[in-house]
Amino acid sequence: MNTHEHEHSTAHSPGQAVAALSASVPPSELALGFSDVSMRFPDGTEALSGVSLSLLRGEFVSIVGPSGCGKSTLLKIASGLYPHTSGEIRVDREHLGYTFQDATLLPWRKVRGNVELLMELRGYPAAERRRVALEQISLVGLDGFADHYPKRLSGGMRMRVSLARSLALNPSVFMFDEPFGALDEITRERLNDELLALYLRKGFTGLFITHSIPEAVYLSSRVVVMSRRPGRILETFEVPFGYPRGPELRYRADFAALCGEISVSLRRAIEE
Amino acid sequence: MTDTANTPAAAAPGTPPPGGPADGGATTTAPRARLSTHAPVPFAPPPGLGANLVTLLVPPIIVFALLLVGYAMARANLEPHRQFLMPAGHALWSEAFSRPEVRRELFDRALITLGLAMAGLAVSIPIGIGLAVVMFRAMVLERALFPNIVALQSIPTLAIIPLIQTALGFGTLPKILIVAKFTLFAIPITLLLGLKSTDRDVINLFRLQGAHWRTILLKACFPSAAPALFAGLRIAASLAVLSAIVSELFFLAGRGGLGQMIINSKIDFKYEQMYAALIIATLMSVCVYVAFTWLGHRLFSDWHESGGKET
């Protein structure tokens, strides 16, 4: 039952080292676990059926799947926003980062106020909030924008604020619900690089949902393909490229080959 | 002239484009373009401050002047014994606005009416906000309250004024309640809409931190509903002065506001003063509306999409 998670692993460019990061993590350290999780909405719609997935500490896993397959639902269940109907979830909700499809900034707060928001809700003292917020703002490259309203920022900058807001709490697991889907290609690739830099620097465990296969491969140590609704895991692809990664990776033949393989799997998922 | 050989379709007879395409990509199956030449068009220079003011002020002034001309013509066509219904401008000045005692009366009564309007708003705004919050909090309460708010709004206020007088007498309280009833409707309706329009994921963001619903209401829903609430407040504010005057028409005991002055000047046959009171009442109503609009703009223009300036 739980085995379909690894029923297919690509033996792709075998000469290369397996992802450096997952190799360096002791295998017993679970950061996030779904075992046989199903979800049925009250109206009878079955959103997820028997999803099993384990993330080790420090892993970065992406999920791709057809629209409406329950990818976002999976994150909402893990974070506790939705209940699930059967199966088990292991998660540390106290130290959870979460970004939505939109930046979801509060438009009446300046950048700094937005970055401080989650700390404020957690009751951090004002001085610490301010210090940490300025640190995060600088970390995402928005020095000098602390006193701007979100209305005056570009879409990419707003997303950076959104990342900074979550990073301020130092999450152990960071969930991303298609965060860059609304951005143009150039901004998106830049933010991919910035996200990787933050990932390597902060060392969180990442669970990333996207429609873009190259984005999934570029960011992750593992890519999971989900089926049409009710969502279940069809295939898992190990990504053999080590970190740190740079933009030149996107133009390598083995990168393209892996994207192609995942694309075939995804098309099967849509047509099945 | 002929197309290159690698696209046979392009070699179709008939209409090779003049000059021929540079490569073999073009086909003659596309309809022929009828080209015309366009020279660059310079932008008009931006208007200066003076020109801006002129375009801003002149149109309403022209319309207002036309209305005055219409008024004068209507007056000229009245039979002389009915001309008192439409006093002339100079009479308005000599009989009303030039006289210190009339000016003082207008000022004092305007203050009374304004006070009444504000007192009514002071009742209706908190009640309206409370109703919206309660309806927002519980769907059951929305179903229970909303139709009744609509029903309350549908009662013809003028028709129940006699009842209010019988029950509550002729003091200040019933007048305040009449203003409150007039101005209540817009507030819960607009605020509830605003509260319900709060971004779902913003609420989720708060919920992920375990925020209490009161925190969510205060830090997420209220600020995001504030511009909608202010739209409601503008409607309420413009109705407040109007309803204060209406209520005064029915309460002639004691020292009243502009509404009472209108009735009194009719009884005393001082139509110039009646017009003066009308003009002041109108100006006051506009001022209250503008004040709320300005306040809303002050509060929200920095961040809300409706706020002007550049984006």
# chains A, B, ... in the order shown; residues from 1 in each chain; ligands from 1
$ closest_atom_pairs --of "chain A" --to "chain B" --cutoff "6 Å" --atoms "only C-alpha atoms" --output "Markdown table"
| residue | atom | partner | partner_atom | distance |
| --- | --- | --- | --- | --- |
| A:Thr104 | CA | B:Val202 | CA | 5.7 |
| A:Pro107 | CA | B:Trp303 | CA | 5.7 |
| A:Trp108 | CA | B:Trp303 | CA | 5.4 |
$ write_last_selection --atoms "C-alpha atoms" --output "JSON list (two decimals), in the first residue's frame"
[["chain", "number", "residue", "atom", "x", "y", "z"],
["A", 104, "THR", "CA", -1.14, 37.71, 0.61],
["A", 107, "PRO", "CA", -1.93, 46.22, 1.81],
["A", 108, "TRP", "CA", -2.35, 48.65, 4.72]]
$ residues_around --residues "B:Met284" --least-positions-apart "5" --cutoff "10 Å" --atoms "only C-alpha atoms" --output "ChimeraX atom specification"
/B:110-111,113-114,238,241-242,278-279,289-290
$ closest_residue --among "A:Lys202, A:Arg165, A:Arg109, A:Arg222" --to "A:Leu56" --atoms "only C-alpha atoms"
A:Arg222
$ select_by_dssp --residues "stretch 94-165 of chain A" --states "strand (DSSP E or B)" --output "VMD selection string"
chain A and resid 96 to 99
$ residues_around --residues "B:Glu142" --least-positions-apart "6" --cutoff "9 Å" --atoms "only C-alpha atoms" --output "mmCIF file with C-alpha atoms, in the first residue's frame"
data_model
loop_
_atom_site.group_PDB
_atom_site.id
_atom_site.type_symbol
_atom_site.label_atom_id
_atom_site.label_comp_id
_atom_site.auth_asym_id
_atom_site.auth_seq_id
_atom_site.Cartn_x
_atom_site.Cartn_y
_atom_site.Cartn_z
ATOM 1 C CA LEU B 131 -24.759 44.476 13.429
ATOM 2 C CA ALA B 132 -22.249 43.843 10.638
ATOM 3 C CA VAL B 134 -22.456 39.967 14.513
ATOM 4 C CA MET B 135 -23.731 38.959 11.062
ATOM 5 C CA PHE B 136 -20.170 38.326 9.892
#
$ closest_residue --among "B:Ile178, B:Leu92, B:Leu192, B:Ile235" --to "B:Ala159" --atoms "only C-alpha atoms"
B:Ile178
